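Peer 1: Here it is, the structure in full.
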Amino acid sequence: MQQIKQAFAMMREERSFTAICITVTAIAIAFTMVMATCYYIQIAPVYPEVNRARTLYMGYSDFYSEKQNRVVHATGFSPKAIERCFSQLENVEAVAWVSNIASQCYIMREDMRGEKLVWRKYTNPDFFKVYQFDFVCGKPFTQVDVDSRICTAVISDGLARYVFGTDHDVVGKMLAIDGISYRVCGVVREASTLTERSYAQIYFPYSLDRPSFWDDEDVLYRGGFRMAFLVNSAEQEAALCEELAEHARQYHVYMESSGHGDWVWNQLGYPLIHWKSTFVSYPFETGGLYHVIFNAFTLFLLYLFVPALNLSGMISGRMNMRLAEMGIRKAFGARQGTLLKQVVTENLVLTTIGGCMGLLLSWMFIVLFRGWVFSVFFDSYDSRRMVELPNLSAEMLFSPLLFIVAFLFCAILNVMAALIPAWLSLRKPIVASMNERR
């Protein structure tokens with residue numbers, strides 16, 4: 001406690017050094033937290049994608065024929081693939097398929113006094129098992145709705161308030177979209193545009209999306225839907241991958257036996273767990289994942305090491321100015337360990353203050369400039385959604401573990417930046433230290 005009081009006394013006496021030290025630390029923490037928060041939002045379990053650690057994605061595939069000397073690259077799958085493969089999987093908790101093409105539609109207000117352009121998704125009932133939406137009222141559409149091609153929809157609470165003026169008691173009401181009336185079966189708490197795989201303002205049964213509901217005449221499995229698999233363990237994940245590989249082998253046999261040719265389904269290493277699929281833009285990228293990790297790690301080091309080096313130089317100069325003081329304290333019996341502890345305590349106090357300021361600065365920067373920030377760090381962020389700034393929740397902005405890790409790294413570097421010059425200065429003889437400023 002005495003050393004902490006001495007640290008605050010030092011801060012009052014050396015205000016310029018204190019201001020610079022706190023500012024440098026705050027900026028280092030702020031930049032680190034901005035980047036870390038962006039990566040955190042992409043891979044952490046945030047609403048409604050709380051099952052990210054158990055979610056695998058499959059979108060890309062190659063289909064090739066040696067006899068025809070032809071390769072077809074696919075970014076989605078057909079209803080035939082859903083029927084013969086994905087709906088038959090055993091080693092999976094839930095399988096969601098979503099239309100591959102992002103689309104929008106105009107929604108008219110109930111009082112006919114305005115319309116709004118909203119994002120929509122076509123999917124199946126399991127979509128709401130893979131993604132844990134909070135239902136304000138109602139429930140998801142069912143497989144019966146899908147099979148019957150009933151015009152029903154799940155909408156977000158924000159859209160419900162815009163159209164009906166409330167997000168409660170709207171189940172059963174009708175929406176007019178492109179001249180067709182859709183019955184509202186459920187209302188969910190709206191996700192953020194940053195959760196790109198689950199975000200939409202209105203969700204329809206996939207059977208209503210005729211543009212995505214097609215089969216390639218040649219390769220059959222190539223179509224307009226992407227897959228998301230929910231598994232409950234690493235063992236089930238491995239079993240799912242093996243099961244999909246077996247379906248790929250069966251596909252080749254089926255194509256040959258049915259006279260379609262010698263088509264082979266190359267799954268390109270898919271399915272991928274969420275965090276891997278986030279950073280691999282294309283399956284044929286060599287080292288794409290490691291490139292992203294290396295770049296992120298390099299930026300972290302730059303944000304932390306460069307300020308630490310600057311602080312080391314400042315503290316080294318400051319220690320040279322305090323050599324006489326240290327010499328006098330050593331002459332009166334102060335041990336070297338006690339003096340080092342005092343220097344470290346002073347630095348930790350400054351780091352703590354700078355760290356808290358840096359956290360606040362990072363929040364302010366992200367909130368005020370979130371459109372630009374997320375367009376830089378999110379490769380998949382749809383620029384067409386930039387007209388509306390992304391929603392940010394508290395769980396996105398603050399992760400205690402993330403801040404603690406960043407703060408510890410910064411604290412360790414700052415302590416080392418103070419400890420090394422202090423230790424080198426305190427090694428000088430008492431007489432030399434006391435005569436330093438003569």
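How things are named: the first chain in the structure tokens is A, the next is B, and so on; residues count from 1 in each chain; ligands count from 1 in the order shown.
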Which polymer residues have any atom within 10 Å of an atom of Glu115 (chain A), counting only C-alpha atoms, with same-chain residues fewer than 2 positions away left out, as a PyMOL selection string?

Peer 2: chain A and resi 105-110+112-113+117-118+162-163

Peer 1: I need the residues from that last selection saved to file as a PDB file, in the first residue's frame (with N, CA and C atoms), if you can.

Peer 2:
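Result saved to selection.pdb:
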```
ATOM      1  N   CYS A 105     -36.227  -7.478 -50.333  1.00  0.00           N
ATOM      2  CA  CYS A 105     -37.599  -7.252 -50.796  1.00  0.00           C
ATOM      3  C   CYS A 105     -38.155  -6.038 -50.069  1.00  0.00           C
ATOM      4  N   TYR A 106     -39.207  -5.473 -50.636  1.00  0.00           N
ATOM      5  CA  TYR A 106     -39.853  -4.315 -50.028  1.00  0.00           C
ATOM      6  C   TYR A 106     -41.031  -4.776 -49.179  1.00  0.00           C
ATOM      7  N   ILE A 107     -41.111  -4.226 -47.966  1.00  0.00           N
ATOM      8  CA  ILE A 107     -42.204  -4.534 -47.042  1.00  0.00           C
ATOM      9  C   ILE A 107     -43.033  -3.277 -46.832  1.00  0.00           C
ATOM     10  N   MET A 108     -44.316  -3.399 -47.003  1.00  0.00           N
ATOM     11  CA  MET A 108     -45.231  -2.267 -46.826  1.00  0.00           C
ATOM     12  C   MET A 108     -45.729  -2.215 -45.380  1.00  0.00           C
ATOM     13  N   ARG A 109     -45.795  -1.004 -44.834  1.00  0.00           N
ATOM     14  CA  ARG A 109     -46.363  -0.825 -43.505  1.00  0.00           C
ATOM     15  C   ARG A 109     -47.828  -1.205 -43.500  1.00  0.00           C
ATOM     16  N   GLU A 110     -48.319  -1.579 -42.323  1.00  0.00           N
ATOM     17  CA  GLU A 110     -49.710  -1.993 -42.207  1.00  0.00           C
ATOM     18  C   GLU A 110     -50.667  -0.861 -42.566  1.00  0.00           C
ATOM     19  N   MET A 112     -50.052   1.365 -44.750  1.00  0.00           N
ATOM     20  CA  MET A 112     -49.771   1.720 -46.142  1.00  0.00           C
ATOM     21  C   MET A 112     -49.106   3.080 -46.274  1.00  0.00           C
ATOM     22  N   ARG A 113     -48.414   3.554 -45.234  1.00  0.00           N
ATOM     23  CA  ARG A 113     -47.801   4.881 -45.274  1.00  0.00           C
ATOM     24  C   ARG A 113     -46.289   4.829 -45.482  1.00  0.00           C
ATOM     25  N   LEU A 117     -36.976  -1.520 -47.464  1.00  0.00           N
ATOM     26  CA  LEU A 117     -36.194  -2.570 -48.124  1.00  0.00           C
ATOM     27  C   LEU A 117     -35.506  -3.406 -47.052  1.00  0.00           C
ATOM     28  N   VAL A 118     -35.793  -4.706 -47.026  1.00  0.00           N
ATOM     29  CA  VAL A 118     -35.267  -5.571 -45.960  1.00  0.00           C
ATOM     30  C   VAL A 118     -34.552  -6.775 -46.569  1.00  0.00           C
ATOM     31  N   TYR A 162     -41.838  -1.903 -37.224  1.00  0.00           N
ATOM     32  CA  TYR A 162     -41.995  -0.999 -38.371  1.00  0.00           C
ATOM     33  C   TYR A 162     -43.325  -1.234 -39.075  1.00  0.00           C
ATOM     34  N   VAL A 163     -43.681  -2.493 -39.288  1.00  0.00           N
ATOM     35  CA  VAL A 163     -44.887  -2.809 -40.059  1.00  0.00           C
ATOM     36  C   VAL A 163     -46.147  -2.672 -39.220  1.00  0.00           C
TER      37      VAL A 163
END
```

Peer 1: Looking only at strand (DSSP E) from DSSP on the backbone, list the matching residues of region 50-115 of chain A as an MDAnalysis selection string.

Peer 2: chainID A and resid 55:58 61:65 70:74 94:99 103:108 115

Peer 1: With a distance cut-off of 7 Å and only C-alpha atoms, select the neighbouring residues of His73 (chain A), excluding the residue or stretch itself and same-chain residues fewer than 6 positions from it, and output the selection as an MDAnalysis selection string.

Peer 2: chainID A and resid 61:63

Peer 1: Using only C-alpha atoms, which of the listed residues (A:Ala160, A:Leu220, A:Leu402, A:Leu408) sits closest to Ser78 (chain A)?

Peer 2: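 Looking at the shortest contact to Ser78 (chain A), the residue is A:Leu220.
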
Peer 1: Which residues come within 10 Å of Val130 (chain A), counting only C-alpha atoms, excluding same-chain residues fewer than 4 positions away, as a PyMOL selection string?

Peer 2: chain A and resi 48-52+54-56+93-96+125-126+198+228-231

Peer 1: Region 137-148 of chain A: which residues within 10 Å, counting only C-alpha atoms, same-chain residues fewer than 4 positions away excluded, as a PyMOL selection string?

Peer 2: chain A and resi 123-129+133+152-155+157+167-172+184-189+203-208

Peer 1: Keeping only C-alpha atoms, take the residues you just selected and write them out as a PDB file, in the first residue's frame.

Peer 2:
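Here's the written file part-v5.pdb:
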```pdb
ATOM      1  CA  THR A 123     -34.177 -21.765 -45.176  1.00  0.00           C
ATOM      2  CA  ASN A 124     -35.551 -24.852 -43.419  1.00  0.00           C
ATOM      3  CA  PRO A 125     -36.904 -25.351 -39.863  1.00  0.00           C
ATOM      4  CA  ASP A 126     -33.555 -26.708 -38.602  1.00  0.00           C
ATOM      5  CA  PHE A 127     -32.101 -23.250 -39.222  1.00  0.00           C
ATOM      6  CA  PHE A 128     -33.651 -22.205 -35.905  1.00  0.00           C
ATOM      7  CA  LYS A 129     -31.936 -25.118 -34.150  1.00  0.00           C
ATOM      8  CA  PHE A 133     -32.897 -17.088 -31.905  1.00  0.00           C
ATOM      9  CA  THR A 152     -45.539 -18.017 -44.008  1.00  0.00           C
ATOM     10  CA  ALA A 153     -42.580 -16.175 -42.483  1.00  0.00           C
ATOM     11  CA  VAL A 154     -40.577 -15.483 -39.344  1.00  0.00           C
ATOM     12  CA  ILE A 155     -39.744 -11.784 -38.979  1.00  0.00           C
ATOM     13  CA  ASP A 157     -38.813  -7.614 -33.898  1.00  0.00           C
ATOM     14  CA  ASP A 167     -43.472  -6.825 -31.813  1.00  0.00           C
ATOM     15  CA  HIS A 168     -46.111  -8.630 -29.715  1.00  0.00           C
ATOM     16  CA  ASP A 169     -49.403 -10.192 -30.736  1.00  0.00           C
ATOM     17  CA  VAL A 170     -48.532 -10.133 -34.441  1.00  0.00           C
ATOM     18  CA  VAL A 171     -48.651 -13.907 -35.041  1.00  0.00           C
ATOM     19  CA  GLY A 172     -51.269 -14.604 -37.701  1.00  0.00           C
ATOM     20  CA  VAL A 184     -46.412 -14.212 -39.717  1.00  0.00           C
ATOM     21  CA  CYS A 185     -45.744 -17.353 -37.659  1.00  0.00           C
ATOM     22  CA  GLY A 186     -43.041 -15.975 -35.348  1.00  0.00           C
ATOM     23  CA  VAL A 187     -41.071 -12.902 -34.279  1.00  0.00           C
ATOM     24  CA  VAL A 188     -37.406 -13.129 -33.250  1.00  0.00           C
ATOM     25  CA  ARG A 189     -35.051 -10.677 -31.613  1.00  0.00           C
ATOM     26  CA  TYR A 203     -37.107 -15.768 -43.004  1.00  0.00           C
ATOM     27  CA  PHE A 204     -39.124 -17.824 -45.509  1.00  0.00           C
ATOM     28  CA  PRO A 205     -39.466 -21.593 -46.066  1.00  0.00           C
ATOM     29  CA  TYR A 206     -36.874 -22.576 -48.664  1.00  0.00           C
ATOM     30  CA  SER A 207     -39.485 -24.181 -50.920  1.00  0.00           C
ATOM     31  CA  LEU A 208     -40.724 -20.682 -51.801  1.00  0.00           C
TER      32      LEU A 208
END
```

Peer 1: With only C-alpha atoms as the counted atoms, please give the residues lying no more than 7 Å from region 353-355 of chain A, apart from itself and same-chain residues fewer than 6 positions off, as number ranges by chain.

Peer 2: A: 22-23, 25-26, 29, 407

Peer 1: Tell me which of A:Tyr57, A:Tyr40, A:Gly179, A:Ala19 sits closest to Val280 (chain A), counting only C-alpha atoms.

Peer 2: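 Checking each candidate against Val280 (chain A), we get A:Tyr57 as the closest.
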
Peer 1: Might you pull out every residue within 9 Å of Val253 (chain A), with only C-alpha atoms counted and same-chain residues fewer than 3 positions away left off, and present them as JSON, numbers by chain?

Peer 2: {"A": [248, 249, 250, 256, 257, 258, 262, 263, 264]}

Peer 1: Measure the distance from CA of Glu243 (chain A) to CA of Tyr270 (chain A) in Å and round it to one decimal.

Peer 2: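 These atoms are spaced 12.1 Å apart.
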
Peer 1: Considering only C-alpha atoms, state which residue in the set A:Thr193, A:Thr75, A:Thr18, A:Asn91 is at the smallest distance from Gln236 (chain A).

Peer 2: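 Closest candidate: A:Asn91.
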